[in-house]
Amino acid sequence: MHNFIPPERFFPYLTWTDIEQMPDKENVVIIQPVASIEQHGPHLPLIVDAAIGVGVLGKALGCLDPEIPAYALPPLYYGKSNEHWHFPGTITLSAQTLLAVLMEMADSIYRCGFRKLVLMNSHGGQPQVMEIAARDIHQKHEDFMVFPLFTWGVPNMAKELATQKELELGIHGGDLETSLMLCLLPGQVKMDRAVKEYPQGLPEDSLLSMEGQLSFAWLTKGLTQSGVLGDATAATEEKGDRLLASLCDGWVNVIRDIYRFQQPDVTKR
């Protein structure tokens, strides 16, 4: 049931008495992986985002100092994936539904006595929902510290492993995601179906971009026929191993920082 997560770090394996008697609950780090079930091209399974998020988290928790209390909740497999809904297999929630689930999950974690919650998001289509949820949860419970983080947001080796074009445009099912999947779930990757397809028709000589500070709304079918945005043919397991190790190191460091973190308070001077 725990998949990549070390069993001693898997929240659902605890008993209610374990939680009731847990010391220093205010500083225990609870991590909610949030992902999606959506198309990732003809060569990758629908579970890519969840597999990467839980795979990275599991490796990080396995490397974390045992003295730092941190637990993973079961992943939320469904996310807001409506940009992919023209491709068969994609399952999507509305932003309102996902937000409600996150808010009510957080209420339960708060009621248990925990005060540090990480929303570890692995799907690029919903970071805004994580940010809204985190702010609203903190407004509701002002002593609840909430961290809306992106799995890929920690320092990692992506820039050393992929081309500049891939880093800019390879945002879905390309080199990096495919390499990680060759490392995490190699039996589910069909490299004989891997394709190279970058988005066409993007604005030229413009401040506007597909992703960035000045972006435009898009649906996947308007950018790619295969569902891939990037070069999946360049992927290798060796790249995946190196990328996973670097993401693991980044997450070990950020979990340690969250464990030490104290909410700023201007009244305490």
# chains A, B, ... in the order shown; residues from 1 in each chain; ligands from 1

call {"tool": "select_by_dssp", "arguments": {"residues": "range 20-269 of chain A", "states": "strand (DSSP E)", "output": "list in words"}}
result
Val29, Ile30, Ile31, Gln32, Pro33, Val34, Ala70, Tyr71, Ala72, Lys116, Leu117, Val118, Leu119, Met120, Asn121, Met145, Val146, Phe147, Pro148, Leu149, Phe150, Lys196, Glu197, Gly230 and Asp231 of chain A

call {"tool": "residues_around", "arguments": {"residues": "Ala35 in chain A", "least_positions_apart": "4", "cutoff": "7 Å", "atoms": "only C-alpha atoms", "output": "NGL selection string"}}
result
:A and (49-50 or 76-79 or 121-123)

call {"tool": "closest_residue", "arguments": {"among": "A:Pro75, A:Gly173, A:Pro23, A:Gly153", "to": "Phe11 in chain A", "atoms": "only C-alpha atoms"}}
result
A:Pro75

call {"tool": "atom_distance", "arguments": {"atom1": "CA of Ile109 in chain A", "atom2": "CA of Ile30 in chain A"}}
result
8.2 Å

call {"tool": "residues_around", "arguments": {"residues": "range 237-247 of chain A", "least_positions_apart": "4", "cutoff": "12 Å", "atoms": "only C-alpha atoms", "output": "ChimeraX atom specification"}}
result
/A:51-63,150-162,175-187,189,191,232-233,251-254

call {"tool": "residues_around", "arguments": {"residues": "Glu38 in chain A", "least_positions_apart": "2", "cutoff": "12 Å", "atoms": "only C-alpha atoms", "output": "CSV table (one decimal) with N, CA and C atoms, in the first residue's frame"}}
result
chain,number,residue,atom,x,y,z
A,35,ALA,N,-1.2,15.0,-7.6
A,35,ALA,CA,-0.8,14.7,-8.9
A,35,ALA,C,-1.9,14.7,-9.9
A,36,SER,N,-2.0,13.8,-10.8
A,36,SER,CA,-3.0,13.7,-11.8
A,36,SER,C,-3.0,12.4,-12.5
A,40,HIS,N,0.1,11.3,-21.2
A,40,HIS,CA,1.5,11.7,-21.4
A,40,HIS,C,2.1,11.2,-22.6
A,41,GLY,N,1.3,11.2,-23.7
A,41,GLY,CA,1.8,10.7,-25.0
A,41,GLY,C,1.6,9.2,-25.2
A,42,PRO,N,2.0,8.7,-26.3
A,42,PRO,CA,1.7,7.3,-26.6
A,42,PRO,C,2.7,6.3,-25.9
A,44,LEU,N,4.0,6.8,-22.5
A,44,LEU,CA,4.0,6.8,-21.1
A,44,LEU,C,2.6,6.6,-20.5
A,45,PRO,N,2.5,6.0,-19.3
A,45,PRO,CA,1.2,5.7,-18.7
A,45,PRO,C,0.6,7.0,-18.2
A,46,LEU,N,-0.7,6.9,-17.8
A,46,LEU,CA,-1.4,8.0,-17.3
A,46,LEU,C,-0.9,8.5,-15.9
A,47,ILE,N,-0.2,7.6,-15.3
A,47,ILE,CA,0.1,7.8,-13.8
A,47,ILE,C,1.4,8.6,-13.7
A,48,VAL,N,2.0,9.1,-14.7
A,48,VAL,CA,3.4,9.7,-14.7
A,48,VAL,C,3.5,10.7,-13.5
A,49,ASP,N,2.7,11.7,-13.4
A,49,ASP,CA,2.8,12.7,-12.4
A,49,ASP,C,2.8,12.1,-11.0
A,50,ALA,N,1.9,11.2,-10.7
A,50,ALA,CA,1.9,10.6,-9.4
A,50,ALA,C,3.1,9.7,-9.1
A,77,TYR,N,-4.5,11.2,-6.5
A,77,TYR,CA,-4.1,10.8,-7.8
A,77,TYR,C,-4.8,11.7,-8.8
A,78,TYR,N,-6.1,12.2,-8.6
A,78,TYR,CA,-6.8,13.0,-9.5
A,78,TYR,C,-6.5,14.5,-9.3
A,79,GLY,N,-6.3,15.2,-10.4
A,79,GLY,CA,-6.1,16.6,-10.2
A,79,GLY,C,-6.8,17.4,-11.3
A,80,LYS,N,-6.5,18.7,-11.4
A,80,LYS,CA,-7.1,19.5,-12.4
A,80,LYS,C,-6.4,19.4,-13.7
A,81,SER,N,-6.9,18.6,-14.6
A,81,SER,CA,-6.2,18.2,-15.9
A,81,SER,C,-7.0,18.5,-17.1
A,82,ASN,N,-7.8,19.5,-17.0
A,82,ASN,CA,-8.7,19.8,-18.2
A,82,ASN,C,-8.0,20.2,-19.4
A,83,GLU,N,-6.8,20.7,-19.3
A,83,GLU,CA,-6.0,21.0,-20.6
A,83,GLU,C,-5.8,19.8,-21.4
A,84,HIS,N,-5.9,18.6,-20.8
A,84,HIS,CA,-5.6,17.3,-21.5
A,84,HIS,C,-6.9,16.5,-21.9
A,85,TRP,N,-8.0,17.1,-21.6
A,85,TRP,CA,-9.2,16.2,-21.6
A,85,TRP,C,-9.7,15.8,-23.0
A,86,HIS,N,-9.0,16.3,-24.1
A,86,HIS,CA,-9.3,15.8,-25.4
A,86,HIS,C,-8.7,14.5,-25.7
A,87,PHE,N,-7.7,14.1,-24.8
A,87,PHE,CA,-7.0,12.8,-25.0
A,87,PHE,C,-7.6,11.7,-24.1
A,88,PRO,N,-8.0,10.6,-24.7
A,88,PRO,CA,-8.6,9.5,-23.9
A,88,PRO,C,-7.8,9.1,-22.7
A,89,GLY,N,-8.5,8.8,-21.6
A,89,GLY,CA,-7.8,8.4,-20.4
A,89,GLY,C,-7.6,9.5,-19.3
A,90,THR,N,-7.6,10.7,-19.7
A,90,THR,CA,-7.4,11.8,-18.8
A,90,THR,C,-8.7,11.9,-17.9
A,91,ILE,N,-8.4,12.0,-16.6
A,91,ILE,CA,-9.5,12.1,-15.6
A,91,ILE,C,-9.2,13.5,-14.9
A,92,THR,N,-10.2,14.3,-14.9
A,92,THR,CA,-10.0,15.7,-14.3
A,92,THR,C,-11.0,16.1,-13.3
A,93,LEU,N,-10.5,16.8,-12.3
A,93,LEU,CA,-11.4,17.5,-11.3
A,93,LEU,C,-11.5,18.9,-11.7
A,123,HIS,N,1.9,18.1,-10.8
A,123,HIS,CA,1.3,18.4,-12.1
A,123,HIS,C,1.3,19.9,-12.4
A,124,GLY,N,1.9,20.2,-13.6
A,124,GLY,CA,2.1,21.6,-14.0
A,124,GLY,C,0.8,22.4,-14.2
A,125,GLY,N,-0.3,21.7,-14.3
A,125,GLY,CA,-1.6,22.4,-14.5
A,125,GLY,C,-2.3,23.0,-13.3
A,172,HIS,N,6.1,18.3,-21.2
A,172,HIS,CA,5.1,17.3,-21.0
A,172,HIS,C,5.4,16.0,-21.7
A,173,GLY,N,5.8,15.0,-21.0
A,173,GLY,CA,6.1,13.7,-21.6
A,173,GLY,C,7.4,13.7,-22.4
A,220,THR,N,-3.9,21.4,-24.6
A,220,THR,CA,-2.8,20.5,-25.2
A,220,THR,C,-3.1,20.2,-26.7
A,227,GLY,N,0.3,14.5,-28.0
A,227,GLY,CA,0.2,14.7,-26.5
A,227,GLY,C,1.5,14.9,-25.9
A,228,VAL,N,2.6,14.8,-26.6
A,228,VAL,CA,4.0,15.1,-26.1
A,228,VAL,C,4.4,16.5,-26.4

call {"tool": "closest_residue", "arguments": {"among": "A:Met22, A:Val195, A:Leu214, A:Met145", "to": "Ala235 in chain A", "atoms": "only C-alpha atoms"}}
result
A:Val195

call {"tool": "closest_residue", "arguments": {"among": "A:Leu102, A:Leu14, A:Leu167, A:Val28", "to": "Asp136 in chain A", "atoms": "only C-alpha atoms"}}
result
A:Leu102

call {"tool": "atom_distance", "arguments": {"atom1": "CA of Arg260 in chain A", "atom2": "CA of Asp24 in chain A"}}
result
12.2 Å

call {"tool": "closest_residue", "arguments": {"among": "A:Tyr71, A:Val34, A:Leu169, A:Ile258", "to": "Gln126 in chain A", "atoms": "only C-alpha atoms"}}
result
A:Val34

call {"tool": "atom_distance", "arguments": {"atom1": "CA of Glu168 in chain A", "atom2": "CA of Ala217 in chain A"}}
result
16.9 Å

call {"tool": "closest_residue", "arguments": {"among": "A:Met103, A:Val146, A:Ala95, A:Cys248", "to": "Gln263 in chain A", "atoms": "only C-alpha atoms"}}
result
A:Val146
